[in-house]
>>> print(open('coords13.pdb').read())   # PDB, C-alpha atoms, pLDDT in the B column
ATOM      1  CA  MET A   1     -62.788 109.185 128.229  1.00 46.00           C
ATOM      2  CA  THR A   2     -61.014 112.495 128.178  1.00 46.00           C
ATOM      3  CA  VAL A   3     -60.553 114.815 131.114  1.00 52.00           C
ATOM      4  CA  ILE A   4     -60.545 118.286 129.640  1.00 54.00           C
ATOM      5  CA  GLY A   5     -58.327 121.081 130.753  1.00 53.00           C
ATOM      6  CA  THR A   6     -55.899 118.937 132.738  1.00 54.00           C
ATOM      7  CA  PRO A   7     -52.553 120.726 132.659  1.00 55.00           C
ATOM      8  CA  GLY A   8     -49.540 118.518 132.106  1.00 58.00           C
ATOM      9  CA  PRO A   9     -46.339 118.883 134.136  1.00 56.00           C
ATOM     10  CA  ASP A  10     -44.435 120.065 131.047  1.00 60.00           C
ATOM     11  CA  HIS A  11     -47.195 122.442 129.925  1.00 57.00           C
ATOM     12  CA  PRO A  12     -48.168 124.899 132.624  1.00 54.00           C
ATOM     13  CA  SER A  13     -51.644 126.304 132.333  1.00 51.00           C
ATOM     14  CA  PRO A  14     -51.670 129.652 130.454  1.00 51.00           C
ATOM     15  CA  GLY A  15     -53.515 132.611 131.871  1.00 46.00           C
ATOM     16  CA  PRO A  16     -53.449 134.740 134.979  1.00 50.00           C
ATOM     17  CA  ALA A  17     -51.921 133.238 138.095  1.00 64.00           C
ATOM     18  CA  LEU A  18     -55.163 133.590 140.063  1.00 83.00           C
ATOM     19  CA  CYS A  19     -57.316 131.325 137.938  1.00 87.00           C
ATOM     20  CA  ASP A  20     -57.881 127.615 137.611  1.00 90.00           C
ATOM     21  CA  GLU A  21     -59.027 126.803 134.076  1.00 92.00           C
ATOM     22  CA  HIS A  22     -59.288 123.124 134.959  1.00 91.00           C
ATOM     23  CA  ALA A  23     -61.671 123.773 137.876  1.00 93.00           C
ATOM     24  CA  GLU A  24     -63.787 126.084 135.716  1.00 94.00           C
ATOM     25  CA  ARG A  25     -64.057 123.501 132.936  1.00 93.00           C
ATOM     26  CA  MET A  26     -64.903 120.727 135.395  1.00 93.00           C
ATOM     27  CA  VAL A  27     -67.741 122.767 136.905  1.00 93.00           C
ATOM     28  CA  LEU A  28     -69.110 123.550 133.443  1.00 93.00           C
ATOM     29  CA  ALA A  29     -68.819 119.868 132.462  1.00 92.00           C
ATOM     30  CA  ALA A  30     -70.643 118.866 135.661  1.00 91.00           C
ATOM     31  CA  LEU A  31     -73.447 121.304 134.853  1.00 89.00           C
ATOM     32  CA  LEU A  32     -73.741 119.966 131.327  1.00 88.00           C
ATOM     33  CA  HIS A  33     -73.672 116.272 132.234  1.00 88.00           C
ATOM     34  CA  ASP A  34     -75.412 116.038 135.600  1.00 84.00           C
ATOM     35  CA  ARG A  35     -78.524 118.066 136.404  1.00 80.00           C
ATOM     36  CA  ARG A  36     -78.384 117.244 140.135  1.00 82.00           C
ATOM     37  CA  PHE A  37     -75.626 119.846 140.607  1.00 81.00           C
ATOM     38  CA  THR A  38     -77.495 122.624 138.838  1.00 82.00           C
ATOM     39  CA  HIS A  39     -79.325 124.213 141.774  1.00 82.00           C
ATOM     40  CA  TYR A  40     -76.305 123.975 144.064  1.00 84.00           C
ATOM     41  CA  LEU A  41     -73.836 125.428 141.581  1.00 86.00           C
ATOM     42  CA  VAL A  42     -76.137 128.212 140.386  1.00 85.00           C
ATOM     43  CA  ALA A  43     -76.761 129.229 144.012  1.00 87.00           C
ATOM     44  CA  PHE A  44     -73.063 128.967 144.920  1.00 88.00           C
ATOM     45  CA  LEU A  45     -71.372 130.515 141.875  1.00 92.00           C
ATOM     46  CA  ARG A  46     -71.819 133.732 139.958  1.00 93.00           C
ATOM     47  CA  ALA A  47     -70.699 134.320 136.404  1.00 93.00           C
ATOM     48  CA  THR A  48     -68.233 136.953 137.633  1.00 92.00           C
ATOM     49  CA  PHE A  49     -66.366 134.231 139.553  1.00 94.00           C
ATOM     50  CA  PHE A  50     -65.083 132.734 136.286  1.00 94.00           C
ATOM     51  CA  SER A  51     -61.766 134.163 135.126  1.00 92.00           C
ATOM     52  CA  SER A  52     -62.269 133.389 131.438  1.00 90.00           C
ATOM     53  CA  PRO A  53     -64.783 135.497 129.465  1.00 90.00           C
ATOM     54  CA  VAL A  54     -65.680 132.401 127.435  1.00 91.00           C
ATOM     55  CA  HIS A  55     -66.384 130.426 130.613  1.00 93.00           C
ATOM     56  CA  LYS A  56     -68.509 133.318 131.918  1.00 93.00           C
ATOM     57  CA  ASP A  57     -70.620 133.314 128.753  1.00 91.00           C
ATOM     58  CA  VAL A  58     -71.083 129.550 128.770  1.00 92.00           C
ATOM     59  CA  TYR A  59     -72.073 129.638 132.447  1.00 93.00           C
ATOM     60  CA  CYS A  60     -74.585 132.446 131.756  1.00 92.00           C
ATOM     61  CA  ALA A  61     -75.997 130.475 128.827  1.00 91.00           C
ATOM     62  CA  MET A  62     -76.362 127.401 131.042  1.00 90.00           C
ATOM     63  CA  ASP A  63     -78.149 129.453 133.682  1.00 90.00           C
ATOM     64  CA  ALA A  64     -80.503 130.909 131.049  1.00 91.00           C
ATOM     65  CA  VAL A  65     -81.267 127.472 129.600  1.00 90.00           C
ATOM     66  CA  ARG A  66     -81.901 126.180 133.136  1.00 87.00           C
ATOM     67  CA  SER A  67     -84.295 129.050 133.860  1.00 88.00           C
ATOM     68  CA  HIS A  68     -86.295 128.077 130.740  1.00 89.00           C
ATOM     69  CA  ASN A  69     -86.438 124.447 131.974  1.00 87.00           C
ATOM     70  CA  GLU A  70     -84.803 123.256 128.778  1.00 85.00           C
ATOM     71  CA  PRO A  71     -82.341 120.340 128.699  1.00 81.00           C
ATOM     72  CA  PHE A  72     -78.643 121.160 128.666  1.00 78.00           C
ATOM     73  CA  THR A  73     -77.810 120.089 125.150  1.00 84.00           C
ATOM     74  CA  PRO A  74     -75.079 121.548 122.976  1.00 85.00           C
ATOM     75  CA  ALA A  75     -77.772 122.757 120.572  1.00 88.00           C
ATOM     76  CA  ALA A  76     -79.747 124.563 123.303  1.00 89.00           C
ATOM     77  CA  LEU A  77     -76.592 126.175 124.669  1.00 88.00           C
ATOM     78  CA  ALA A  78     -75.418 127.190 121.190  1.00 86.00           C
ATOM     79  CA  ALA A  79     -78.811 128.796 120.539  1.00 87.00           C
ATOM     80  CA  GLU A  80     -78.589 130.681 123.837  1.00 88.00           C
ATOM     81  CA  LEU A  81     -75.034 131.797 123.066  1.00 86.00           C
ATOM     82  CA  ASP A  82     -76.217 133.091 119.680  1.00 84.00           C
ATOM     83  CA  LEU A  83     -78.771 135.294 121.446  1.00 83.00           C
ATOM     84  CA  ARG A  84     -76.023 137.041 123.413  1.00 75.00           C
ATOM     85  CA  GLU A  85     -74.278 140.152 122.142  1.00 65.00           C
ATOM     86  CA  HIS A  86     -71.046 139.270 120.398  1.00 59.00           C
ATOM     87  CA  ALA A  87     -70.764 142.285 118.119  1.00 51.00           C
ATOM     88  CA  GLY A  88     -67.258 142.300 116.711  1.00 53.00           C
ATOM     89  CA  LYS A  89     -66.351 139.219 118.728  1.00 71.00           C
ATOM     90  CA  ALA A  90     -66.765 136.362 116.267  1.00 71.00           C
ATOM     91  CA  ASP A  91     -63.725 134.572 117.704  1.00 79.00           C
ATOM     92  CA  HIS A  92     -65.224 134.793 121.195  1.00 79.00           C
ATOM     93  CA  ALA A  93     -68.561 133.338 120.065  1.00 80.00           C
ATOM     94  CA  GLN A  94     -66.811 130.513 118.206  1.00 85.00           C
ATOM     95  CA  ALA A  95     -64.651 129.767 121.237  1.00 88.00           C
ATOM     96  CA  ALA A  96     -67.749 129.573 123.456  1.00 87.00           C
ATOM     97  CA  GLU A  97     -69.519 127.196 121.084  1.00 86.00           C
ATOM     98  CA  ARG A  98     -66.353 125.111 120.689  1.00 89.00           C
ATOM     99  CA  LEU A  99     -66.083 124.889 124.492  1.00 90.00           C
ATOM    100  CA  VAL A 100     -69.681 123.651 124.742  1.00 89.00           C
ATOM    101  CA  HIS A 101     -68.975 120.896 122.210  1.00 88.00           C
ATOM    102  CA  ASP A 102     -65.728 119.959 123.995  1.00 90.00           C
ATOM    103  CA  LEU A 103     -67.594 119.769 127.300  1.00 88.00           C
ATOM    104  CA  ALA A 104     -70.281 117.580 125.736  1.00 87.00           C
ATOM    105  CA  ARG A 105     -67.663 115.083 124.523  1.00 88.00           C
ATOM    106  CA  ALA A 106     -65.645 115.115 127.747  1.00 86.00           C
ATOM    107  CA  ALA A 107     -66.134 112.970 130.808  1.00 84.00           C
ATOM    108  CA  ALA A 108     -68.050 114.515 133.669  1.00 81.00           C
ATOM    109  CA  PRO A 109     -66.093 114.844 136.904  1.00 83.00           C
ATOM    110  CA  ALA A 110     -66.941 112.575 139.820  1.00 84.00           C
ATOM    111  CA  GLY A 111     -69.785 114.022 141.857  1.00 82.00           C
ATOM    112  CA  GLU A 112     -67.773 114.226 145.066  1.00 86.00           C
ATOM    113  CA  VAL A 113     -65.241 116.670 143.625  1.00 89.00           C
ATOM    114  CA  VAL A 114     -67.648 119.127 142.010  1.00 90.00           C
ATOM    115  CA  PRO A 115     -68.224 121.152 145.229  1.00 91.00           C
ATOM    116  CA  HIS A 116     -64.445 121.374 145.677  1.00 91.00           C
ATOM    117  CA  TYR A 117     -63.975 122.733 142.151  1.00 92.00           C
ATOM    118  CA  ALA A 118     -66.767 125.242 142.786  1.00 93.00           C
ATOM    119  CA  ALA A 119     -65.061 126.345 146.009  1.00 93.00           C
ATOM    120  CA  ILE A 120     -61.761 126.807 144.163  1.00 93.00           C
ATOM    121  CA  ILE A 121     -63.470 129.053 141.607  1.00 94.00           C
ATOM    122  CA  ARG A 122     -65.215 131.082 144.310  1.00 93.00           C
ATOM    123  CA  ASP A 123     -62.083 131.435 146.439  1.00 92.00           C
ATOM    124  CA  LEU A 124     -59.886 132.495 143.519  1.00 92.00           C
ATOM    125  CA  ALA A 125     -62.501 135.080 142.503  1.00 92.00           C
ATOM    126  CA  TYR A 126     -62.378 136.467 146.035  1.00 90.00           C
ATOM    127  CA  VAL A 127     -58.567 136.622 145.939  1.00 89.00           C
ATOM    128  CA  ARG A 128     -58.656 138.347 142.524  1.00 86.00           C
ATOM    129  CA  ARG A 129     -61.070 140.964 143.862  1.00 84.00           C
ATOM    130  CA  ARG A 130     -58.925 141.527 146.946  1.00 79.00           C
ATOM    131  CA  ALA A 131     -55.773 141.788 144.842  1.00 67.00           C
ATOM    132  CA  THR A 132     -57.242 144.634 142.781  1.00 59.00           C
ATOM    133  CA  ARG A 133     -57.993 146.699 145.877  1.00 58.00           C
ATOM    134  CA  VAL A 134     -54.313 147.197 146.737  1.00 51.00           C
ATOM    135  CA  PRO A 135     -53.096 150.666 145.703  1.00 52.00           C
ATOM    136  CA  ASP A 136     -50.266 150.791 143.173  1.00 52.00           C
ATOM    137  CA  GLY A 137     -46.830 150.613 144.717  1.00 51.00           C
ATOM    138  CA  LEU A 138     -47.926 148.920 147.930  1.00 52.00           C
ATOM    139  CA  PRO A 139     -47.400 145.198 148.426  1.00 57.00           C
ATOM    140  CA  PRO A 140     -50.348 143.122 149.620  1.00 56.00           C
ATOM    141  CA  ALA A 141     -50.447 142.732 153.397  1.00 57.00           C
ATOM    142  CA  ASP A 142     -49.241 139.459 154.863  1.00 56.00           C
ATOM    143  CA  ALA A 143     -52.273 137.415 155.888  1.00 53.00           C
ATOM    144  CA  ARG A 144     -50.368 135.420 158.525  1.00 55.00           C
ATOM    145  CA  LEU A 145     -50.898 136.247 162.172  1.00 50.00           C
ATOM    146  CA  PRO A 146     -47.845 137.521 164.042  1.00 53.00           C
ATOM    147  CA  ARG A 147     -46.371 135.076 166.548  1.00 54.00           C
TER     148      ARG A 147
END
>>> encode(input="coords13.pdb", output="structure tokens")
Amino acid sequence: MTVIGTPGPDHPSPGPALCDEHAERMVLAALLHDRRFTHYLVAFLRATFFSSPVHKDVYCAMDAVRSHNEPFTPAALAAELDLREHAGKADHAQAAERLVHDLARAAAPAGEVVPHYAAIIRDLAYVRRRATRVPDGLPPADARLPR
């Protein structure tokens, strides 16, 4: 079995500092492989919480397939992804479909850790939103209480 998205010690994860690609992939893999997490994760997470546009699209496609009461199969998700607007973004659409197929072949995370991955995604989204509210030139305020 393969655990997807696991960064190695010699290969730091690319991307913005306030994202966790591994957590995002694990949540998407859990949604694809285990329907018992669907209602919890859809209620807990929003597509805007994902840092990667590809992950956002795959999550939206999963939510749409769920709302139609269809099974989460790579074919159903690929069909839903094809319905979405990708004008001029052929690479993006291919990356989304490739991610779905990678998730289908990967091992699903253990059920106990899925809520933790979802919390990581939600918390990082909150930090990203807070970080963008700081005016240019001012450092973020220290969140520690004074002693």
>>> closest_residue(input="coords13.pdb", among="A:Cys19, A:Ala90, A:Val114, A:Ala64", to="His33 of chain A", atoms="only C-alpha atoms")
A:Val114
>>> axis_aligned_box(input="coords13.pdb", around="segment 26-42 of chain A", padding_each_side="8 Å", output="lines of an AutoDock Vina configuration file")
center_x = -72.1
center_y = 122.1
center_z = 137.7
size_x = 30.4
size_y = 28.2
size_z = 28.7
>>> resolve_selection(input="coords13.pdb", expression="the PyMOL selection byres ((chain A and resi 74) around 10)", output="PyMOL selection string")
chain A and resi 32+71-73+75-80+97-105
>>> write_last_selection(input="coords13.pdb", atoms="C-alpha atoms", output="short mmCIF file (atom, residue, chain, number, x, y, z; two decimals), keeping the file's coordinate frame")
data_model
loop_
_atom_site.label_atom_id
_atom_site.label_comp_id
_atom_site.auth_asym_id
_atom_site.auth_seq_id
_atom_site.Cartn_x
_atom_site.Cartn_y
_atom_site.Cartn_z
CA LEU A 32 -73.74 119.97 131.33
CA PRO A 71 -82.34 120.34 128.70
CA PHE A 72 -78.64 121.16 128.67
CA THR A 73 -77.81 120.09 125.15
CA ALA A 75 -77.77 122.76 120.57
CA ALA A 76 -79.75 124.56 123.30
CA LEU A 77 -76.59 126.18 124.67
CA ALA A 78 -75.42 127.19 121.19
CA ALA A 79 -78.81 128.80 120.54
CA GLU A 80 -78.59 130.68 123.84
CA GLU A 97 -69.52 127.20 121.08
CA ARG A 98 -66.35 125.11 120.69
CA LEU A 99 -66.08 124.89 124.49
CA VAL A 100 -69.68 123.65 124.74
CA HIS A 101 -68.97 120.90 122.21
CA ASP A 102 -65.73 119.96 124.00
CA LEU A 103 -67.59 119.77 127.30
CA ALA A 104 -70.28 117.58 125.74
CA ARG A 105 -67.66 115.08 124.52
#
>>> residues_around(input="coords13.pdb", residues="Ala125 of chain A", least_positions_apart="6", cutoff="8 Å", atoms="all atoms listed in the file", output="list in words")
Leu18, Cys19, Thr48, Phe49, Phe50 and Ser51 of chain A
>>> atom_distance(input="coords13.pdb", atom1="atom CA of Leu45 of chain A", atom2="atom CA of Ala110 of chain A")
18.6 Å
>>> atom_distance(input="coords13.pdb", atom1="atom CA of Glu21 of chain A", atom2="atom CA of Ser52 of chain A")
7.8 Å
>>> residues_around(input="coords13.pdb", residues="Tyr59 of chain A", least_positions_apart="6", cutoff="9 Å", atoms="only C-alpha atoms", output="ChimeraX atom specification")
/A:28,31,46-47,50
>>> atom_distance(input="coords13.pdb", atom1="atom CA of Ile121 of chain A", atom2="atom CA of Leu83 of chain A")
26.1 Å
>>> residues_near_point(input="coords13.pdb", point="(-74.1, 121.4, 139.0)", cutoff="12 Å", atoms="all atoms listed in the file", output="JSON, numbers by chain")
{"A": [24, 25, 26, 27, 28, 29, 30, 31, 32, 33, 34, 35, 36, 37, 38, 39, 40, 41, 42, 43, 44, 45, 59, 62, 63, 66, 72, 108, 109, 110, 111, 112, 113, 114, 115, 116, 117, 118]}
>>> write_last_selection(input="coords13.pdb", atoms="C-alpha atoms", output="compact mmCIF listing (two decimals), in the frame of the given file")
# COMPACT_ATOMS: atom_id res chain seq x y z
CA GLU A 24 -63.79 126.08 135.72
CA ARG A 25 -64.06 123.50 132.94
CA MET A 26 -64.90 120.73 135.40
CA VAL A 27 -67.74 122.77 136.90
CA LEU A 28 -69.11 123.55 133.44
CA ALA A 29 -68.82 119.87 132.46
CA ALA A 30 -70.64 118.87 135.66
CA LEU A 31 -73.45 121.30 134.85
CA LEU A 32 -73.74 119.97 131.33
CA HIS A 33 -73.67 116.27 132.23
CA ASP A 34 -75.41 116.04 135.60
CA ARG A 35 -78.52 118.07 136.40
CA ARG A 36 -78.38 117.24 140.14
CA PHE A 37 -75.63 119.85 140.61
CA THR A 38 -77.50 122.62 138.84
CA HIS A 39 -79.32 124.21 141.77
CA TYR A 40 -76.31 123.98 144.06
CA LEU A 41 -73.84 125.43 141.58
CA VAL A 42 -76.14 128.21 140.39
CA ALA A 43 -76.76 129.23 144.01
CA PHE A 44 -73.06 128.97 144.92
CA LEU A 45 -71.37 130.51 141.88
CA TYR A 59 -72.07 129.64 132.45
CA MET A 62 -76.36 127.40 131.04
CA ASP A 63 -78.15 129.45 133.68
CA ARG A 66 -81.90 126.18 133.14
CA PHE A 72 -78.64 121.16 128.67
CA ALA A 108 -68.05 114.52 133.67
CA PRO A 109 -66.09 114.84 136.90
CA ALA A 110 -66.94 112.58 139.82
CA GLY A 111 -69.78 114.02 141.86
CA GLU A 112 -67.77 114.23 145.07
CA VAL A 113 -65.24 116.67 143.62
CA VAL A 114 -67.65 119.13 142.01
CA PRO A 115 -68.22 121.15 145.23
CA HIS A 116 -64.44 121.37 145.68
CA TYR A 117 -63.98 122.73 142.15
CA ALA A 118 -66.77 125.24 142.79
>>> closest_residue(input="coords13.pdb", among="A:Ile120, A:Asp82, A:Gln94, A:Pro53", to="Ala23 of chain A", atoms="all atoms listed in the file")
A:Ile120
